[in-house]
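A.B. asks: Let me give you the structure first, and then I'll get to my questions.
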Amino acid sequence: MTENLMNLRPMRFRKNLRSWYLKNRRILPWRKTKDPYHIWVSEVMLQQTRVETVIPYYQKFLQHFPTVKKLAEAKEDQVLAQWQGLGYYRRARHLHQAAKELQSTYRGTLPRHSKELKKLKGFGPYTSAAVASIAFGEAVASVDGNVSRVISRLFTTDKNIESYAQEILDPVHPSDFNQAMMELGATLCLPKIPKCQVCPVSQDCQAKKQKKWHLYPRKKTKKPSKVLWDHVCFLYHRRSDSFVARQRGQDDRWAKMWECPGIESETQHTAPLELKDFLSSHIQFKRELSPLAIFTHKLTHQDHHVHVYATEVKKKEIPSSFGQWIAVKERHNFAMSRLQQKVIYLSLNELLDSSQ
Ligand code: SF4
């Protein structure tokens, strides 16, 4: 045990944390279930996404795929369509792949131990510990970003966070303990200004004692975002109220999702020309193609400057290499990123407005 841990009294810490949690926890849909599959889905959705955003997705997703078997049997497109708007689509693909593994190897049930869970696609140390402790009561600490911040402040350190978490874990109530630590990080031990005056474990917190909470966890230098220029064209057929979209390839952030035809470029000036060349070999434009909207779409490590073009076309002008026709009212069945959803929304507004 480290000297700092000696200053923390584990029994008192666990007791104070748990009684605060049992009185103050938020009522969340995944806290009303012990179904390991439902808990797993919630843990995957909650990674890098706020609780309020996750709730409707969680409910909708489980209506469509109430069991591991249903998820395993679904097509990837159907899974992505239920995930669209939540972002970080790799999570959905991994969830789907792991469901297939579970169905074929474990008859649709989740293994009870974190070591076994870790062998499945998408189960990192956090997810396997969270599912094993919350659903099966295994005494293993799960450390997400919120918990890591709490530990860092409790011990005024940036090192060995997982070991500290495991040492202070309540072996009798590991599920409550892990959820309480997450809840503490999400509601009181906030990144900018923690609410130490109402914190149930302030007696055991080094950062509070030393008035150093603002120094922990130490800030990491942020990698600058990559800048990309997207020139996207919404090709619309009015009579059938449909537009052209194509499916992306296998190997990028938006793999297998649907998009309007366009060009993505790392240089600012070449993309519009490339797009015009690409389109004008097939389409006769009545007037100069110019962007109807420009917006910036920020992702974790990328800034997309999006130029939106929209034009009405005749169906026979569009070769199959451009993509397929999708009815506007059916578009929610095709998984699209938020960026693409915005392109469609802006284009439809513009085209329908200009015809009035
Ligand atoms: S006392 Fe303050 S800094 Fe320490 S764990 Fe509680 S909220 Fe965080």
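To be explicit about the labels: the chains of the structure tokens are called A, B, and onward in the order shown, and within each one the residues are counted from 1, while ligands get numbers from 1 in the order they are shown.
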Compile the contact shell of stretch 248-255 of chain A as a JSON list (two decimals) with C-alpha atoms, in the first residue's frame: residues with an atom at most 8 Å away, counting only C-alpha atoms, same-chain residues fewer than 3 positions apart removed.

C.D. replies:
```
[["chain", "number", "residue", "atom", "x", "y", "z"],
["A", 88, "TYR", "CA", -18.48, 6.66, -32.75],
["A", 89, "TYR", "CA", -20.00, 4.00, -35.00],
["A", 90, "ARG", "CA", -17.18, 1.55, -34.33],
["A", 258, "TRP", "CA", -24.69, 6.08, -46.45],
["A", 259, "GLU", "CA", -23.77, 9.47, -47.88],
["A", 337, "SER", "CA", -23.66, 10.39, -39.97]]
```

A.B. asks: Taking 6 positions as the minimum chain separation for residues in the same chain, which residues sit within 10 Å of A:Arg9 when counting only C-alpha atoms? Answer as a list of chain:residue names.

C.D. replies: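 Non-adjacent residues within range: A:Ile168, A:Gln203, A:Asp204.
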
A.B. asks: Counting only C-alpha atoms and all ligand atoms, what are the residues, protein, DNA or RNA alike, that approach ligand 1 to within 10 Å? I want them as a PyMOL selection string.

C.D. replies: chain A and resi 147+149-156+181+184-185+187-191+193-209+211-214+216

A.B. asks: Restricted to N, CA and C atoms, what would the selected residues look like written as a compact mmCIF listing (two decimals), in the first residue's frame?

C.D. replies:
```
# COMPACT_ATOMS: atom_id res chain seq x y z
N VAL A 147 -14.20 8.21 -13.28
CA VAL A 147 -13.59 7.53 -12.12
C VAL A 147 -12.10 7.88 -12.05
N ARG A 149 -10.68 10.59 -12.90
CA ARG A 149 -10.52 11.94 -12.32
C ARG A 149 -10.68 11.89 -10.80
N VAL A 150 -11.68 11.14 -10.32
CA VAL A 150 -11.90 11.04 -8.87
C VAL A 150 -10.66 10.46 -8.19
N ILE A 151 -10.16 9.36 -8.75
CA ILE A 151 -8.99 8.68 -8.13
C ILE A 151 -7.78 9.63 -8.15
N SER A 152 -7.60 10.29 -9.28
CA SER A 152 -6.46 11.19 -9.41
C SER A 152 -6.50 12.25 -8.31
N ARG A 153 -7.69 12.75 -8.00
CA ARG A 153 -7.81 13.78 -6.95
C ARG A 153 -7.71 13.17 -5.55
N LEU A 154 -8.31 11.99 -5.36
CA LEU A 154 -8.25 11.37 -4.03
C LEU A 154 -6.80 11.17 -3.60
N PHE A 155 -5.95 10.79 -4.56
CA PHE A 155 -4.55 10.45 -4.22
C PHE A 155 -3.54 11.43 -4.78
N THR A 156 -4.00 12.53 -5.33
CA THR A 156 -3.13 13.53 -5.97
C THR A 156 -2.02 12.86 -6.80
N MET A 181 -18.77 5.44 -7.82
CA MET A 181 -17.60 6.21 -8.25
C MET A 181 -17.90 6.95 -9.56
N LEU A 184 -20.22 9.80 -8.70
CA LEU A 184 -19.49 10.88 -8.01
C LEU A 184 -18.75 11.75 -9.04
N GLY A 185 -18.08 11.08 -9.99
CA GLY A 185 -17.35 11.82 -11.03
C GLY A 185 -18.28 12.61 -11.94
N THR A 187 -21.37 13.77 -11.19
CA THR A 187 -22.27 14.78 -10.59
C THR A 187 -21.58 15.71 -9.59
N LEU A 188 -20.51 15.26 -8.91
CA LEU A 188 -19.87 16.14 -7.91
C LEU A 188 -18.41 16.45 -8.22
N CYS A 189 -17.64 15.45 -8.55
CA CYS A 189 -16.21 15.68 -8.78
C CYS A 189 -16.03 16.11 -10.25
N LEU A 190 -16.57 17.28 -10.54
CA LEU A 190 -16.66 17.75 -11.93
C LEU A 190 -15.30 18.23 -12.43
N PRO A 191 -15.07 18.18 -13.75
CA PRO A 191 -13.74 18.53 -14.27
C PRO A 191 -13.28 19.94 -13.88
N ILE A 193 -14.94 22.67 -11.72
CA ILE A 193 -15.03 23.02 -10.29
C ILE A 193 -15.79 21.91 -9.55
N PRO A 194 -15.06 21.08 -8.79
CA PRO A 194 -15.74 20.00 -8.05
C PRO A 194 -16.52 20.57 -6.86
N LYS A 195 -17.60 19.84 -6.49
CA LYS A 195 -18.44 20.31 -5.38
C LYS A 195 -17.98 19.65 -4.08
N CYS A 196 -16.77 20.01 -3.65
CA CYS A 196 -16.15 19.34 -2.49
C CYS A 196 -16.96 19.54 -1.21
N GLN A 197 -17.65 20.69 -1.12
CA GLN A 197 -18.39 20.96 0.13
C GLN A 197 -19.51 19.97 0.38
N VAL A 198 -20.02 19.31 -0.68
CA VAL A 198 -21.09 18.32 -0.46
C VAL A 198 -20.61 16.90 -0.80
N CYS A 199 -19.31 16.73 -0.97
CA CYS A 199 -18.79 15.43 -1.39
C CYS A 199 -18.75 14.45 -0.21
N PRO A 200 -19.29 13.24 -0.38
CA PRO A 200 -19.35 12.30 0.75
C PRO A 200 -17.98 11.75 1.16
N VAL A 201 -16.96 11.89 0.30
CA VAL A 201 -15.65 11.30 0.63
C VAL A 201 -14.58 12.38 0.83
N SER A 202 -15.01 13.60 1.11
CA SER A 202 -14.03 14.69 1.21
C SER A 202 -13.02 14.46 2.35
N GLN A 203 -13.46 13.74 3.39
CA GLN A 203 -12.53 13.46 4.50
C GLN A 203 -11.33 12.64 4.04
N ASP A 204 -11.52 11.90 2.96
CA ASP A 204 -10.46 11.00 2.49
C ASP A 204 -9.78 11.51 1.22
N CYS A 205 -9.98 12.77 0.90
CA CYS A 205 -9.47 13.26 -0.38
C CYS A 205 -8.25 14.16 -0.19
N GLN A 206 -7.14 13.74 -0.78
CA GLN A 206 -5.89 14.52 -0.67
C GLN A 206 -6.01 15.86 -1.38
N ALA A 207 -6.65 15.87 -2.55
CA ALA A 207 -6.75 17.12 -3.31
C ALA A 207 -7.53 18.16 -2.51
N LYS A 208 -8.57 17.71 -1.81
CA LYS A 208 -9.36 18.64 -0.99
C LYS A 208 -8.51 19.13 0.18
N LYS A 209 -7.83 18.19 0.86
CA LYS A 209 -7.01 18.58 2.01
C LYS A 209 -5.93 19.57 1.62
N LYS A 211 -5.90 21.45 -1.01
CA LYS A 211 -6.47 22.50 -1.90
C LYS A 211 -5.81 22.45 -3.28
N LYS A 212 -5.70 21.24 -3.81
CA LYS A 212 -5.02 21.07 -5.10
C LYS A 212 -5.90 20.43 -6.15
N TRP A 213 -7.23 20.44 -5.96
CA TRP A 213 -8.09 19.73 -6.91
C TRP A 213 -7.92 20.24 -8.34
N HIS A 214 -7.56 21.55 -8.47
CA HIS A 214 -7.42 22.12 -9.82
C HIS A 214 -6.18 21.59 -10.53
N TYR A 216 -5.32 18.33 -10.53
CA TYR A 216 -5.50 16.91 -10.89
C TYR A 216 -6.83 16.67 -11.57
```

A.B. asks: Quick one: everything within 8 Å of A:Asp170, counting only C-alpha atoms, minus sequence neighbours fewer than 6 positions away in the same chain. Send it as a list in words.

C.D. replies: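 These residues fall inside the cut-off: Arg14, Ala139 and Phe177 of chain A.
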
A.B. asks: Counting only C-alpha atoms, figure out which residue out of A:Arg112, A:Arg91, A:Ser104, A:Gln82 gets nearest to A:Gly124.

C.D. replies: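 When distances to A:Gly124 are compared using only C-alpha atoms, the smallest one comes from A:Arg91.
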
A.B. asks: Mind giving me the straight-line distance from atom CA of A:Val51 to atom CA of A:Ala92 in Å, one decimal?

C.D. replies: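 Computing the Euclidean distance for atom CA of A:Val51 and atom CA of A:Ala92 yields 17.1 Å.
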
A.B. asks: Just to confirm, what's the straight-line distance from atom CA of A:Gly137 to atom CA of A:Lys70 in Å (one decimal)?

C.D. replies: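 Taking atom CA of A:Gly137 as the start and atom CA of A:Lys70 as the end point, the length is 25.7 Å.
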
A.B. asks: Run DSSP on the backbone of this structure and report the residues of stretch 94-337 of chain A it assigns to strand (DSSP E), as an NGL selection string.

C.D. replies: :A and (226-237 or 242-247 or 258-259 or 262-265 or 293-298 or 302-312 or 324-327)

A.B. asks: Which residue out of A:His305, A:Gln247, A:Gly108, A:Ala180 has the minimum interatomic distance to A:Asn16 when only C-alpha atoms are used?

C.D. replies: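 With only C-alpha atoms as the atom set, the closest residue is A:Ala180.
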
A.B. asks: Might you pull out every residue within 6 Å of A:Val306, with only C-alpha atoms counted and same-chain residues fewer than 4 positions away left off, and present them as a list in words?

C.D. replies: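 Residues meeting the cut-off are Asp230, His231, Ile294, Phe295 and Thr296 of chain A.
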
A.B. asks: Write out, as a PDB file, in the first residue's frame, the residues just selected, with N, CA and C atoms.

C.D. replies:
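Generated file (result-v7.pdb):
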```
ATOM      1  N   ASP A 230     -15.019  19.007 -47.250  1.00  0.00           N
ATOM      2  CA  ASP A 230     -15.974  18.087 -47.866  1.00  0.00           C
ATOM      3  C   ASP A 230     -16.878  18.889 -48.802  1.00  0.00           C
ATOM      4  N   HIS A 231     -16.967  18.452 -50.035  1.00  0.00           N
ATOM      5  CA  HIS A 231     -17.901  19.081 -50.977  1.00  0.00           C
ATOM      6  C   HIS A 231     -18.920  18.020 -51.329  1.00  0.00           C
ATOM      7  N   ILE A 294     -22.500  26.412 -46.054  1.00  0.00           N
ATOM      8  CA  ILE A 294     -21.172  25.967 -45.610  1.00  0.00           C
ATOM      9  C   ILE A 294     -21.247  25.854 -44.094  1.00  0.00           C
ATOM     10  N   PHE A 295     -20.833  24.729 -43.573  1.00  0.00           N
ATOM     11  CA  PHE A 295     -20.807  24.608 -42.109  1.00  0.00           C
ATOM     12  C   PHE A 295     -19.610  23.776 -41.673  1.00  0.00           C
ATOM     13  N   THR A 296     -19.257  23.919 -40.398  1.00  0.00           N
ATOM     14  CA  THR A 296     -18.138  23.127 -39.862  1.00  0.00           C
ATOM     15  C   THR A 296     -18.697  22.054 -38.938  1.00  0.00           C
TER      16      THR A 296
END
```

A.B. asks: Nearest to A:Ser280 among A:Pro319, A:Pro10, A:Gly87, A:Pro125, with distances taken over only C-alpha atoms: which residue is it?

C.D. replies: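 With only C-alpha atoms as the atom set, the closest residue is A:Pro319.
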
A.B. asks: Excluding A:Glu101 and any residue of its chain fewer than 4 positions from it, enumerate the residues within 9 Å of it, using only C-alpha atoms, and give them as a list in words.

C.D. replies: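 Contacts, in chain order: Ala72, His96, Gln97, Thr105, Tyr106, Gly108, Leu120 and Lys121 of chain A.
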
A.B. asks: Based on the selection just made, write C-alpha atoms of those residues as a short mmCIF file (atom, residue, chain, number, x, y, z; two decimals), in the first residue's frame.

C.D. replies:
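Resulting contents of again32.cif:
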```cif
data_model
loop_
_atom_site.label_atom_id
_atom_site.label_comp_id
_atom_site.auth_asym_id
_atom_site.auth_seq_id
_atom_site.Cartn_x
_atom_site.Cartn_y
_atom_site.Cartn_z
CA ALA A 72 -26.75 -11.22 -33.65
CA HIS A 96 -22.83 -6.41 -33.27
CA GLN A 97 -19.75 -8.59 -33.85
CA THR A 105 -20.06 -19.65 -28.76
CA TYR A 106 -22.01 -18.96 -25.57
CA GLY A 108 -26.42 -15.87 -26.43
CA LEU A 120 -14.93 -10.48 -27.05
CA LYS A 121 -14.82 -7.77 -29.71
#
```

A.B. asks: Env of A:Ser281: 12 Å cut, atoms = only C-alpha atoms, seq-sep filter 5 positions within chain, self excluded. Answer as number ranges by chain.

C.D. replies: A: 274-276, 317-319, 322

A.B. asks: If you count only C-alpha atoms, which residues fall within 8 Å of A:Ala130, apart from same-chain ones fewer than 3 positions away, as a CSV table (one decimal) with C-alpha atoms, in the first residue's frame?

C.D. replies:
```csv
chain,number,residue,atom,x,y,z
A,43,GLU,CA,-22.0,0.8,-21.0
A,126,TYR,CA,-13.4,-0.8,-18.7
A,127,THR,CA,-16.4,-2.4,-20.4
A,133,SER,CA,-19.2,-6.1,-11.6
A,134,ILE,CA,-22.6,-4.6,-12.3
A,141,ALA,CA,-12.8,-2.0,-10.5
A,142,SER,CA,-14.0,-0.3,-13.6
A,178,ASN,CA,-18.3,1.1,-9.3
```
